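**Q** Before we start, here is the structure in question, set down as structure tokens.
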Amino acid sequence: MAMAALRREGRRFAPLLTPRPIAAVRSPSLLPEEEVPFGARSISTQIVRNRMKSVKNIQKITKAMKMVAASKLRAIQTKAENSRGLWQPFIALLGDTPSIDVKKNVIVTVSSDKGLCGGINSTSVKVSKGLHKLNSGPDKEPPKYVIVGDKAKVQLVRDSRKDIHLAITELPKIPVNYTQVSVLADDIIKNVEFDALKIVFNKFHSVVSFLPTVSTVLSPEVVEREVESGSSKLGELDSYEIEGGSTRGETLQNLAEFQFSCVLFNAVLENACSEMGARMSAMDSSSRNAGEVLDRLTLTYNRTRQASITTELTEIISGASALEG
Amino acid sequence: MFRQAAKLLRRPVPTSSAAAARPSSRPFSTDLPAAETADAAFVEAWKKVIPNIDPPKTPLSYMQPRPATPSAIPSKLTVNFVLPYASELAAKEVDMVIVPATSGQLGVLPGHVPTIAELKPGLMSVHDGNDVKKYFVSSGFAFIHANSFADIIAVEAVPLEQIDASLVQKGLAEFTQKLNSASTDLEKAEAQIGVEVHSAINSALTG
């Protein structure tokens, strides 16, 4: 609702954002069907007053959105920070392999469902497109996109519609828990064939800054292959004993699935946290901007009013002096 | 006016090699060249293909580097015990942990052989001197590294003293009854899991 109101109001005051706000009031385009009686000498202040009211309303809305984002941020920031330990053991065990060269790459782009949150979604999309470019080659299948969140979908549908394999929107809101994310991860693993999953998200750093990040999850077959080929990153895995009744392949399969759910859980939380931070700063700057517009409008309004008073006074005085003389 | 400030702050700190190439931009004394944490091959490839966007970070750059395997066996085991919603133990040095692996309870002392263990519902205990902290874990993985680091990831874990024994008995009875009355395979499997978890909690509480 707030967004619709903002859009409506924004359209109304868009002409006011011209660099010459004072001259703008006198421009004829701004006095459309205002009923000015013939021979009226004062300029009507009605339009400016209306604009001031609408700008004030916008400011109220953006301020409220900022407050909401701030309170949500506080709740989710602790959650995101607590979940940061979750992926570290996997990196310690399997290493970090963003440059791995495999056939089937799947890019999981984590974004938000709602807009008005600065550049975090377009950053994710840009990084995802970069990864797509980086991982496409003549001997590889074109990378596929799996999109979490509405906004990245909207941006990627435009030019990479054929590469989008799965799009998940309407992720449950703030109380997102591990169970929900693991169901989602399960869904992705079952529906998409992959050799390497690249998860793109914005890691929360501070309210004004977030870091685009790529996490890599390899499929069990690729892990097996890398271990056998004895590459430096995964070579150590061979020295690990596998405890349990199941075979090595089964354990690696479980491990990969568990890793993906853990990484995705952290990614979703971090991205939600960055979203709130970005929305907070975006709304802060737009309420500040609305304040500036309001100041300019008030100045215009007062000047016009003063000008009409001065005109009237001059007319009265000159009329009186004409009678005397 | 401050619109670009965030971008400026995000600018990567010049590393020593970059600073040497451009002597005019002297780094601050606080900008110490960090240890190589990113995957150099990835950064290189990214810069070649997409030169106008900074390469994204990789998780490795957020990690504390782990020490190399020492030649002598250290006296303590460093344990990380993480849950999705909390880090229960972060790099805590203890004498021993016992984890419920699928093949049975697995005691881990410093200098344990590197192991990957799947966990089943059961009792996990952390021994530090005379202190014993007991948790009931639902499932997860335990990685034991050669450098006497143990990482334990569990989906859910509760300190044992927070479990209500009477509720466990009640749940056990309920699931046993469900198991007997189950008609489909799915119901049976669900009831079986319930019975197993509850009897594992029960034996952890009594044992």
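Chain lettering (A, B, ...) mirrors the order of the structure tokens, residue numbering begins at 1 for each chain separately, and ligand numbering begins at 1 in order of display.
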Write out as an mmCIF file with N, CA, C and O atoms, in the first residue's frame the residues lying within 10 Å of Leu106 (chain B), counting only C-alpha atoms and excluding same-chain residues fewer than 2 positions away.
**A**
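The resulting file, around15.cif, is shown below:
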```cif
data_model
loop_
_atom_site.group_PDB
_atom_site.id
_atom_site.type_symbol
_atom_site.label_atom_id
_atom_site.label_comp_id
_atom_site.auth_asym_id
_atom_site.auth_seq_id
_atom_site.Cartn_x
_atom_site.Cartn_y
_atom_site.Cartn_z
ATOM 1 N N GLU A 243 33.398 -42.452 9.068
ATOM 2 C CA GLU A 243 32.842 -43.233 10.171
ATOM 3 C C GLU A 243 31.366 -43.485 9.878
ATOM 4 O O GLU A 243 30.644 -42.567 9.497
ATOM 5 N N VAL B 97 35.757 -34.901 23.480
ATOM 6 C CA VAL B 97 34.319 -34.883 23.199
ATOM 7 C C VAL B 97 33.903 -36.297 22.794
ATOM 8 O O VAL B 97 34.692 -37.047 22.220
ATOM 9 N N ILE B 98 32.677 -36.642 23.144
ATOM 10 C CA ILE B 98 32.119 -37.917 22.698
ATOM 11 C C ILE B 98 30.911 -37.589 21.837
ATOM 12 O O ILE B 98 30.008 -36.877 22.279
ATOM 13 N N VAL B 99 30.932 -38.028 20.581
ATOM 14 C CA VAL B 99 29.827 -37.714 19.668
ATOM 15 C C VAL B 99 29.086 -38.995 19.299
ATOM 16 O O VAL B 99 29.695 -40.063 19.220
ATOM 17 N N PRO B 100 27.759 -38.896 19.065
ATOM 18 C CA PRO B 100 26.990 -40.079 18.697
ATOM 19 C C PRO B 100 27.042 -40.337 17.192
ATOM 20 O O PRO B 100 26.171 -39.907 16.460
ATOM 21 N N ALA B 101 28.080 -41.041 16.736
ATOM 22 C CA ALA B 101 28.170 -41.368 15.309
ATOM 23 C C ALA B 101 27.187 -42.483 14.984
ATOM 24 O O ALA B 101 26.702 -43.171 15.880
ATOM 25 N N THR B 102 26.904 -42.630 13.698
ATOM 26 C CA THR B 102 25.936 -43.672 13.311
ATOM 27 C C THR B 102 26.439 -45.065 13.682
ATOM 28 O O THR B 102 25.652 -45.984 13.873
ATOM 29 N N SER B 103 27.780 -45.211 13.779
ATOM 30 C CA SER B 103 28.313 -46.535 14.102
ATOM 31 C C SER B 103 28.493 -46.730 15.604
ATOM 32 O O SER B 103 29.012 -47.744 16.032
ATOM 33 N N GLY B 104 28.091 -45.748 16.402
ATOM 34 C CA GLY B 104 28.262 -45.876 17.847
ATOM 35 C C GLY B 104 28.911 -44.632 18.410
ATOM 36 O O GLY B 104 29.337 -43.759 17.666
ATOM 37 N N VAL B 108 36.576 -38.502 20.993
ATOM 38 C CA VAL B 108 37.601 -37.788 20.248
ATOM 39 C C VAL B 108 38.574 -37.145 21.230
ATOM 40 O O VAL B 108 38.181 -36.326 22.063
ATOM 41 N N LEU B 109 39.822 -37.513 21.132
ATOM 42 C CA LEU B 109 40.893 -36.932 21.945
ATOM 43 C C LEU B 109 41.815 -36.148 21.009
ATOM 44 O O LEU B 109 41.741 -36.319 19.790
ATOM 45 N N ALA B 117 32.287 -38.025 10.365
ATOM 46 C CA ALA B 117 31.315 -38.914 10.989
ATOM 47 C C ALA B 117 29.929 -38.326 10.851
ATOM 48 O O ALA B 117 29.710 -37.139 11.113
ATOM 49 N N LEU B 119 26.195 -38.086 12.281
ATOM 50 C CA LEU B 119 25.674 -38.226 13.637
ATOM 51 C C LEU B 119 24.253 -38.758 13.588
ATOM 52 O O LEU B 119 23.507 -38.520 12.650
ATOM 53 N N MET B 124 25.748 -36.173 23.256
ATOM 54 C CA MET B 124 27.087 -35.681 22.997
ATOM 55 C C MET B 124 27.618 -35.070 24.273
ATOM 56 O O MET B 124 26.907 -34.305 24.939
#
```
**Q** Can you tell me, as a PDB file with N, CA and C atoms, in the first residue's frame, what residues are no more than 10 Å from Glu270 (chain A) when counting only C-alpha atoms, ignoring any on the same chain fewer than 2 positions away?
**A**
```pdb
ATOM      1  N   ILE A  76      16.852  -9.465  12.752  1.00  0.00           N
ATOM      2  CA  ILE A  76      17.457 -10.449  11.845  1.00  0.00           C
ATOM      3  C   ILE A  76      18.981 -10.426  11.911  1.00  0.00           C
ATOM      4  N   GLN A  77      19.515  -9.308  12.382  1.00  0.00           N
ATOM      5  CA  GLN A  77      20.980  -9.227  12.425  1.00  0.00           C
ATOM      6  C   GLN A  77      21.560 -10.252  13.386  1.00  0.00           C
ATOM      7  N   LYS A  79      20.233 -13.053  14.191  1.00  0.00           N
ATOM      8  CA  LYS A  79      20.077 -14.381  13.589  1.00  0.00           C
ATOM      9  C   LYS A  79      21.168 -14.640  12.562  1.00  0.00           C
ATOM     10  N   ALA A  80      21.407 -13.632  11.721  1.00  0.00           N
ATOM     11  CA  ALA A  80      22.415 -13.810  10.673  1.00  0.00           C
ATOM     12  C   ALA A  80      23.790 -14.019  11.295  1.00  0.00           C
ATOM     13  N   GLU A  81      24.078 -13.245  12.340  1.00  0.00           N
ATOM     14  CA  GLU A  81      25.396 -13.386  12.950  1.00  0.00           C
ATOM     15  C   GLU A  81      25.542 -14.747  13.622  1.00  0.00           C
ATOM     16  N   SER A  83      24.225 -17.447  12.622  1.00  0.00           N
ATOM     17  CA  SER A  83      24.303 -18.532  11.648  1.00  0.00           C
ATOM     18  C   SER A  83      25.636 -18.534  10.915  1.00  0.00           C
ATOM     19  N   ARG A  84      26.505 -17.600  11.237  1.00  0.00           N
ATOM     20  CA  ARG A  84      27.749 -17.522  10.469  1.00  0.00           C
ATOM     21  C   ARG A  84      28.698 -18.669  10.739  1.00  0.00           C
ATOM     22  N   VAL A 110      20.322 -15.291  -4.726  1.00  0.00           N
ATOM     23  CA  VAL A 110      19.441 -14.977  -3.604  1.00  0.00           C
ATOM     24  C   VAL A 110      19.141 -13.481  -3.645  1.00  0.00           C
ATOM     25  N   PHE A 201      24.918 -14.134  -2.978  1.00  0.00           N
ATOM     26  CA  PHE A 201      24.124 -13.376  -2.013  1.00  0.00           C
ATOM     27  C   PHE A 201      24.925 -12.182  -1.540  1.00  0.00           C
ATOM     28  N   ASN A 202      24.255 -11.302  -0.796  1.00  0.00           N
ATOM     29  CA  ASN A 202      24.943 -10.137  -0.242  1.00  0.00           C
ATOM     30  C   ASN A 202      25.199 -10.397   1.228  1.00  0.00           C
ATOM     31  N   LYS A 203      26.461 -10.406   1.599  1.00  0.00           N
ATOM     32  CA  LYS A 203      26.768 -10.624   3.011  1.00  0.00           C
ATOM     33  C   LYS A 203      26.663  -9.300   3.740  1.00  0.00           C
ATOM     34  N   PHE A 204      25.999  -9.339   4.876  1.00  0.00           N
ATOM     35  CA  PHE A 204      25.811  -8.117   5.649  1.00  0.00           C
ATOM     36  C   PHE A 204      27.131  -7.722   6.284  1.00  0.00           C
ATOM     37  N   HIS A 205      27.525  -6.483   6.060  1.00  0.00           N
ATOM     38  CA  HIS A 205      28.758  -6.006   6.678  1.00  0.00           C
ATOM     39  C   HIS A 205      28.448  -4.899   7.666  1.00  0.00           C
ATOM     40  N   PHE A 210      27.388  -3.823   2.130  1.00  0.00           N
ATOM     41  CA  PHE A 210      27.177  -5.258   2.036  1.00  0.00           C
ATOM     42  C   PHE A 210      28.136  -5.785   0.985  1.00  0.00           C
ATOM     43  N   LEU A 211      28.546  -7.027   1.129  1.00  0.00           N
ATOM     44  CA  LEU A 211      29.569  -7.568   0.253  1.00  0.00           C
ATOM     45  C   LEU A 211      28.968  -8.666  -0.615  1.00  0.00           C
ATOM     46  N   LEU A 264      22.917 -22.264   2.169  1.00  0.00           N
ATOM     47  CA  LEU A 264      21.748 -21.512   1.713  1.00  0.00           C
ATOM     48  C   LEU A 264      21.061 -20.815   2.886  1.00  0.00           C
ATOM     49  N   PHE A 265      21.019 -21.494   4.014  1.00  0.00           N
ATOM     50  CA  PHE A 265      20.409 -20.886   5.206  1.00  0.00           C
ATOM     51  C   PHE A 265      21.135 -19.603   5.576  1.00  0.00           C
ATOM     52  N   ASN A 266      22.449 -19.695   5.633  1.00  0.00           N
ATOM     53  CA  ASN A 266      23.219 -18.496   5.953  1.00  0.00           C
ATOM     54  C   ASN A 266      23.033 -17.427   4.883  1.00  0.00           C
ATOM     55  N   ALA A 267      23.007 -17.853   3.602  1.00  0.00           N
ATOM     56  CA  ALA A 267      22.872 -16.890   2.503  1.00  0.00           C
ATOM     57  C   ALA A 267      21.547 -16.143   2.594  1.00  0.00           C
ATOM     58  N   VAL A 268      20.474 -16.887   2.862  1.00  0.00           N
ATOM     59  CA  VAL A 268      19.154 -16.252   2.933  1.00  0.00           C
ATOM     60  C   VAL A 268      19.112 -15.242   4.084  1.00  0.00           C
ATOM     61  N   ALA A 272      18.724 -11.226   3.665  1.00  0.00           N
ATOM     62  CA  ALA A 272      17.602 -10.517   4.275  1.00  0.00           C
ATOM     63  C   ALA A 272      18.111  -9.388   5.162  1.00  0.00           C
ATOM     64  N   CYS A 273      19.212  -9.659   5.827  1.00  0.00           N
ATOM     65  CA  CYS A 273      19.788  -8.646   6.712  1.00  0.00           C
ATOM     66  C   CYS A 273      20.312  -7.464   5.893  1.00  0.00           C
ATOM     67  N   SER A 274      21.025  -7.769   4.786  1.00  0.00           N
ATOM     68  CA  SER A 274      21.510  -6.687   3.920  1.00  0.00           C
ATOM     69  C   SER A 274      20.348  -5.900   3.348  1.00  0.00           C
ATOM     70  N   GLU A 275      19.259  -6.624   3.017  1.00  0.00           N
ATOM     71  CA  GLU A 275      18.090  -5.955   2.436  1.00  0.00           C
ATOM     72  C   GLU A 275      17.548  -4.924   3.410  1.00  0.00           C
ATOM     73  N   MET A 276      17.410  -5.341   4.658  1.00  0.00           N
ATOM     74  CA  MET A 276      16.873  -4.422   5.666  1.00  0.00           C
ATOM     75  C   MET A 276      17.802  -3.228   5.851  1.00  0.00           C
TER      76      MET A 276
END
```
**Q** Neighbours of region 154-170 of chain A within 7 Å (only C-alpha atoms; same-chain residues fewer than 3 positions away dropped), as a PDB file with all heavy atoms, in the first residue's frame?
**A**
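Generated file (around-v3.pdb):
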```pdb
ATOM      1  N   ASP A 113      12.202 -10.130  -2.102  1.00  0.00           N
ATOM      2  CA  ASP A 113      10.904 -10.131  -2.776  1.00  0.00           C
ATOM      3  C   ASP A 113      10.407  -8.716  -3.021  1.00  0.00           C
ATOM      4  O   ASP A 113       9.614  -8.476  -3.917  1.00  0.00           O
ATOM      5  CB  ASP A 113       9.870 -10.872  -1.932  1.00  0.00           C
ATOM      6  CG  ASP A 113       9.945 -12.367  -2.163  1.00  0.00           C
ATOM      7  OD1 ASP A 113      10.445 -12.754  -3.221  1.00  0.00           O
ATOM      8  OD2 ASP A 113       9.520 -13.124  -1.295  1.00  0.00           O
ATOM      9  N   LYS A 144      22.895 -22.574 -15.547  1.00  0.00           N
ATOM     10  CA  LYS A 144      21.480 -22.326 -15.315  1.00  0.00           C
ATOM     11  C   LYS A 144      21.316 -21.445 -14.097  1.00  0.00           C
ATOM     12  O   LYS A 144      22.166 -21.439 -13.199  1.00  0.00           O
ATOM     13  CB  LYS A 144      20.768 -23.646 -15.054  1.00  0.00           C
ATOM     14  CG  LYS A 144      20.598 -24.487 -16.278  1.00  0.00           C
ATOM     15  CD  LYS A 144      19.994 -25.811 -15.850  1.00  0.00           C
ATOM     16  CE  LYS A 144      20.062 -26.820 -16.966  1.00  0.00           C
ATOM     17  NZ  LYS A 144      20.167 -28.173 -16.413  1.00  0.00           N
ATOM     18  N   TYR A 145      20.194 -20.732 -14.100  1.00  0.00           N
ATOM     19  CA  TYR A 145      19.905 -19.897 -12.929  1.00  0.00           C
ATOM     20  C   TYR A 145      18.819 -20.550 -12.087  1.00  0.00           C
ATOM     21  O   TYR A 145      17.830 -21.054 -12.607  1.00  0.00           O
ATOM     22  CB  TYR A 145      19.373 -18.534 -13.354  1.00  0.00           C
ATOM     23  CG  TYR A 145      20.373 -17.611 -13.978  1.00  0.00           C
ATOM     24  CD1 TYR A 145      20.257 -17.232 -15.302  1.00  0.00           C
ATOM     25  CD2 TYR A 145      21.424 -17.092 -13.229  1.00  0.00           C
ATOM     26  CE1 TYR A 145      21.164 -16.372 -15.890  1.00  0.00           C
ATOM     27  CE2 TYR A 145      22.335 -16.233 -13.807  1.00  0.00           C
ATOM     28  CZ  TYR A 145      22.199 -15.879 -15.127  1.00  0.00           C
ATOM     29  OH  TYR A 145      23.099 -15.023 -15.684  1.00  0.00           O
ATOM     30  N   VAL A 146      19.013 -20.526 -10.788  1.00  0.00           N
ATOM     31  CA  VAL A 146      17.933 -20.821  -9.848  1.00  0.00           C
ATOM     32  C   VAL A 146      17.780 -19.555  -9.022  1.00  0.00           C
ATOM     33  O   VAL A 146      18.760 -19.069  -8.455  1.00  0.00           O
ATOM     34  CB  VAL A 146      18.273 -22.017  -8.939  1.00  0.00           C
ATOM     35  CG1 VAL A 146      17.259 -22.148  -7.838  1.00  0.00           C
ATOM     36  CG2 VAL A 146      18.340 -23.285  -9.740  1.00  0.00           C
ATOM     37  N   ILE A 147      16.582 -18.996  -9.038  1.00  0.00           N
ATOM     38  CA  ILE A 147      16.427 -17.676  -8.434  1.00  0.00           C
ATOM     39  C   ILE A 147      15.553 -17.760  -7.195  1.00  0.00           C
ATOM     40  O   ILE A 147      14.468 -18.329  -7.225  1.00  0.00           O
ATOM     41  CB  ILE A 147      15.810 -16.685  -9.438  1.00  0.00           C
ATOM     42  CG1 ILE A 147      16.679 -16.633 -10.679  1.00  0.00           C
ATOM     43  CG2 ILE A 147      15.693 -15.316  -8.829  1.00  0.00           C
ATOM     44  CD1 ILE A 147      16.029 -15.946 -11.821  1.00  0.00           C
ATOM     45  N   VAL A 148      16.039 -17.209  -6.122  1.00  0.00           N
ATOM     46  CA  VAL A 148      15.246 -17.100  -4.908  1.00  0.00           C
ATOM     47  C   VAL A 148      14.899 -15.621  -4.752  1.00  0.00           C
ATOM     48  O   VAL A 148      15.799 -14.794  -4.671  1.00  0.00           O
ATOM     49  CB  VAL A 148      16.041 -17.601  -3.682  1.00  0.00           C
ATOM     50  CG1 VAL A 148      15.194 -17.517  -2.434  1.00  0.00           C
ATOM     51  CG2 VAL A 148      16.516 -19.018  -3.901  1.00  0.00           C
ATOM     52  N   GLY A 149      13.622 -15.301  -4.756  1.00  0.00           N
ATOM     53  CA  GLY A 149      13.230 -13.899  -4.609  1.00  0.00           C
ATOM     54  C   GLY A 149      12.734 -13.311  -5.917  1.00  0.00           C
ATOM     55  O   GLY A 149      13.176 -13.683  -6.996  1.00  0.00           O
ATOM     56  N   ASP A 150      11.807 -12.380  -5.797  1.00  0.00           N
ATOM     57  CA  ASP A 150      11.092 -11.849  -6.942  1.00  0.00           C
ATOM     58  C   ASP A 150      11.932 -10.882  -7.776  1.00  0.00           C
ATOM     59  O   ASP A 150      11.873 -10.873  -8.998  1.00  0.00           O
ATOM     60  CB  ASP A 150       9.849 -11.120  -6.434  1.00  0.00           C
ATOM     61  CG  ASP A 150       8.651 -11.392  -7.318  1.00  0.00           C
ATOM     62  OD1 ASP A 150       8.811 -12.188  -8.256  1.00  0.00           O
ATOM     63  OD2 ASP A 150       7.591 -10.817  -7.061  1.00  0.00           O
ATOM     64  N   LYS A 151      12.722 -10.066  -7.106  1.00  0.00           N
ATOM     65  CA  LYS A 151      13.344  -8.931  -7.801  1.00  0.00           C
ATOM     66  C   LYS A 151      14.424  -9.367  -8.773  1.00  0.00           C
ATOM     67  O   LYS A 151      14.536  -8.813  -9.867  1.00  0.00           O
ATOM     68  CB  LYS A 151      13.908  -7.962  -6.768  1.00  0.00           C
ATOM     69  CG  LYS A 151      12.851  -7.188  -6.038  1.00  0.00           C
ATOM     70  CD  LYS A 151      12.164  -6.188  -6.946  1.00  0.00           C
ATOM     71  CE  LYS A 151      10.786  -5.928  -6.421  1.00  0.00           C
ATOM     72  NZ  LYS A 151      10.030  -5.002  -7.241  1.00  0.00           N
TER      73      LYS A 151
END
```
**Q** Pull out every residue of chain B sitting within 9 Å of chain A, counting only C-alpha atoms, and send them as a VMD selection string.
**A** chain B and resid 6 to 7 9 to 10 38 to 43 45 to 46 49 to 50 53 to 60 63 65 to 66 80 to 87 90 101 to 104 113 to 119 140 to 146 150 to 153 155
**Q** Please, which residues of region 22-171 of chain B, numbered as in this document, come out helix (DSSP H, G or I) from DSSP, as number ranges by chain?
**A** B: 40-49, 59-62, 160-162, 165-171
**Q** What does the distance between CA of Pro74 (chain B) and CA of Leu160 (chain B) come to in Å, to one decimal place?
**A**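 Between these atoms lies a distance of 29.2 Å.
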**Q** What does the distance from CA of Leu294 (chain A) to CA of Arg51 (chain A) come to in Å, to one decimal?
**A** 8.7 Å
**Q** Can you pull out the residues contacting Gly207 (chain B)? Cut-off 10 Å, using only C-alpha atoms, and skip same-chain residues under 5 positions away; I want them as a PyMOL selection string.
**A** chain B and resi 123+201-202
**Q** Let's have the selection written as an mmCIF file, in the first residue's frame, with C-alpha atoms.
**A**
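Wrote part-v7.cif, looks like this:
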```cif
data_model
loop_
_atom_site.group_PDB
_atom_site.id
_atom_site.type_symbol
_atom_site.label_atom_id
_atom_site.label_comp_id
_atom_site.auth_asym_id
_atom_site.auth_seq_id
_atom_site.Cartn_x
_atom_site.Cartn_y
_atom_site.Cartn_z
ATOM 1 C CA LEU B 123 24.111 -37.901 23.643
ATOM 2 C CA ILE B 201 16.583 -39.189 24.671
ATOM 3 C CA ASN B 202 15.279 -41.571 27.278
#
```
**Q** So the first atom is CA of Gly115 (chain A) and the second is CA of Leu73 (chain A); what is the distance between them in Å, to one decimal place?
**A**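 Interatomic distance here is 15.7 Å.
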**Q** Taking into account only C-alpha atoms, which residue in the set A:Leu116, A:Asn302, A:Ser261, A:Gly230 is nearest to Gln180 (chain A)?
**A**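 Nearest candidate to Gln180 (chain A) out of A:Leu116, A:Asn302, A:Ser261, A:Gly230: A:Ser261.
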**Q** Can you list, as a PDB file with C-alpha atoms, in the first residue's frame, every residue of region 108-304 of chain A that DSSP puts in strand (DSSP E or B)?
**A**
```pdb
ATOM      1  CA  VAL A 108      21.629 -19.763  -7.217  1.00  0.00           C
ATOM      2  CA  THR A 109      20.824 -16.065  -6.949  1.00  0.00           C
ATOM      3  CA  VAL A 110      19.441 -14.977  -3.604  1.00  0.00           C
ATOM      4  CA  LYS A 144      21.480 -22.326 -15.315  1.00  0.00           C
ATOM      5  CA  TYR A 145      19.905 -19.897 -12.929  1.00  0.00           C
ATOM      6  CA  VAL A 146      17.933 -20.821  -9.848  1.00  0.00           C
ATOM      7  CA  ILE A 147      16.427 -17.676  -8.434  1.00  0.00           C
ATOM      8  CA  VAL A 148      15.246 -17.100  -4.908  1.00  0.00           C
ATOM      9  CA  ILE A 164      16.281 -19.698 -15.799  1.00  0.00           C
ATOM     10  CA  HIS A 165      15.604 -23.160 -14.530  1.00  0.00           C
ATOM     11  CA  LEU A 166      13.715 -22.530 -11.325  1.00  0.00           C
ATOM     12  CA  ALA A 167      12.419 -19.424  -9.602  1.00  0.00           C
ATOM     13  CA  ILE A 168      11.269 -19.439  -6.036  1.00  0.00           C
ATOM     14  CA  ALA A 196      28.707 -27.118  -8.944  1.00  0.00           C
ATOM     15  CA  LEU A 197      26.241 -24.799  -7.256  1.00  0.00           C
ATOM     16  CA  LYS A 198      27.280 -21.185  -6.959  1.00  0.00           C
ATOM     17  CA  ILE A 199      25.254 -19.304  -4.423  1.00  0.00           C
ATOM     18  CA  VAL A 200      25.235 -15.550  -4.916  1.00  0.00           C
ATOM     19  CA  PHE A 201      24.124 -13.376  -2.013  1.00  0.00           C
ATOM     20  CA  ASN A 202      24.943 -10.137  -0.242  1.00  0.00           C
ATOM     21  CA  LYS A 203      26.768 -10.624   3.011  1.00  0.00           C
ATOM     22  CA  PHE A 204      25.811  -8.117   5.649  1.00  0.00           C
ATOM     23  CA  PHE A 210      27.177  -5.258   2.036  1.00  0.00           C
ATOM     24  CA  LEU A 211      29.569  -7.568   0.253  1.00  0.00           C
ATOM     25  CA  PRO A 212      28.489  -9.566  -2.803  1.00  0.00           C
ATOM     26  CA  THR A 213      29.611 -13.105  -2.110  1.00  0.00           C
ATOM     27  CA  VAL A 214      29.787 -16.379  -4.005  1.00  0.00           C
ATOM     28  CA  SER A 215      29.738 -19.686  -2.154  1.00  0.00           C
ATOM     29  CA  THR A 216      30.458 -22.881  -4.019  1.00  0.00           C
ATOM     30  CA  VAL A 217      28.956 -26.285  -3.303  1.00  0.00           C
ATOM     31  CA  LEU A 218      30.222 -29.222  -5.312  1.00  0.00           C
ATOM     32  CA  GLU A 241      38.263 -41.820   7.545  1.00  0.00           C
ATOM     33  CA  ILE A 242      34.564 -42.132   7.009  1.00  0.00           C
ATOM     34  CA  GLU A 243      32.842 -43.233  10.171  1.00  0.00           C
TER      35      GLU A 243
END
```
